[in-house]
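First up is the structure itself, then whatever we jot down about it.
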Amino acid sequence: MLRQGRKASERRRRVSDELRWHQEQALSGNIYLLREIGPTGFLLREDGPASRDFRVFLGNPHICNCSTFLKGGELCKHICWILLKKFKLPRNHESSFQLGLLEGEINDLLQGIHRGQTPPLGARDEMPHVEEDGSIKQKEIVPGDICSICQEVFLEKKLPVTFCRFGCGNNVHIKCMKILANYQDVVSSTSMLKCPLCRKEFAPLKVILEEFKNSSKLVATAEKEQLSKHLGIPCNNCKQFPIEGTCYK
């Protein structure tokens with residue numbers, strides 16, 4: 001069911017400078033997917049000095065409750081994040097800069113038609129391996145696997161990860177799981193967190209808090225390696241990705 005509201009204006013043929021800036025903010029910012037509200041609704045949290053949650057609904061038009069969207073009606077960084085990060089639309093794809101999408105276009109987006117019908121990145125469908133003691137084995141991270149909360153590729157940022165211990169065995173960044181724990185508003189250290197992928201029990205809160213504390217002491221593999229390749233964001237001018245050569249902090 002698509003959200004009702006003012007219909008999007010005529011089809012746009014190019015990305016405006018304002019929208020290009022919002023796309024840059026989406027790709028370089030710290031935004032996390034807390035919950036999916038049906039197939040076209042999303043609850044996001046933007047990390048920062050004043051963390052806030054935002055609701056995005058895709059439709060005709062797209063809708064966000066942030067002040068930027070409400071003031072100007074242009075696609076905000078939160079809508080851009082869903083289109084570019086969650087659904088992996090290229091920045092120059094026609095559907096990435098329209099004010100809204102028709103129902104058929106939404107269906108194509110959900111099915112990943114723009115990715116050549118490639119299965120969605122993130123959780124893989126194979127059955128989790130159960131150890132002799134009944135626990136779930138952590139799945140190996142392979143190229144293309146992403147964190148379901150921040151939508152970043154694991155093997156690019158190489159941040160510390162945790163995994164679902166009682167459901168699917170899939171991996172999630174420790175920091176992202178801590179943010180999700182804050183959203184789930186778990187107040188007892190004995191409480192169990194829910195997995196964002198399989199919705200089963202992920203791990204006790206106290207385990208995630210301990211992992212988060214210890215992860216601050218770790219040095220990510222990317223930091224220990226010689227900095228000859230920047231895997232974070234593309235070049236603003238030529239869009240080269242990754243950026244290779246001497247990198248400076």
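Quick note on naming: the chains in the structure tokens go A, B, ... in the order shown, residues restart at 1 in each chain, and ligands are numbered from 1 in order of appearance.
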Set out as a Markdown table a contact list for segment 136-228 of chain A and segment 88-105 of chain A with a cut-off of 12 Å, giving each residue of segment 136-228 of chain A that qualifies its closest atom pair and distance in Å to one decimal, counting only C-alpha atoms, ordered by chain and rising residue number.
```
| residue | atom | partner | partner_atom | distance |
| --- | --- | --- | --- | --- |
| A:Ile146 | CA | A:Lys88 | CA | 11.5 |
| A:Gln151 | CA | A:Lys88 | CA | 9.4 |
| A:Glu152 | CA | A:Lys88 | CA | 10.8 |
| A:Val153 | CA | A:Lys88 | CA | 11.6 |
```
Show me a table, sorted first by chain and then by increasing residue number, of the residues of segment 29-74 of chain A having an atom at most 10 Å from segment 20-24 of chain A, each with its shortest atom pair and the distance in Å to one decimal, counting only C-alpha atoms and written as a Markdown table.
```
| residue | atom | partner | partner_atom | distance |
| --- | --- | --- | --- | --- |
| A:Gly29 | CA | A:Glu24 | CA | 8.2 |
| A:Thr68 | CA | A:His22 | CA | 9.9 |
| A:Glu74 | CA | A:His22 | CA | 9.2 |
```
Residue selection dump (C-alpha atoms) as a PDB file, in the first residue's frame:
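Written output follows (out_4.pdb):
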```
ATOM      1  CA  GLY A  29      26.535  10.545   7.072  1.00  0.00           C
ATOM      2  CA  THR A  68      14.347  19.790   5.419  1.00  0.00           C
ATOM      3  CA  GLU A  74      12.947  18.340  -2.042  1.00  0.00           C
TER       4      GLU A  74
END
```
Exercise for review: Among the residues of segment 13-210 of chain A, find those DSSP assigns to strand (DSSP E) from the backbone and print them as a ChimeraX atom specification.
Suggested key: /A:31-37,41-46,52-57,63-64,161-163,171-173,192-194,201-204
Check your understanding: Could you write out, as a PyMOL selection string, all the residues of segment 6-164 of chain A that DSSP marks as alpha helix (DSSP H)?
Key -> chain A and resi 17-28+67-72+77-81+103-111+154-157
Exercise for review: Find the spatial neighbours of segment 50-58 of chain A, counting only C-alpha atoms, within a cut-off of 8 Å - ignore same-chain residues fewer than 6 positions away - and output them as number ranges by chain.
Suggested key: A: 2-3, 40-44, 64-66, 78-79, 100-101, 106
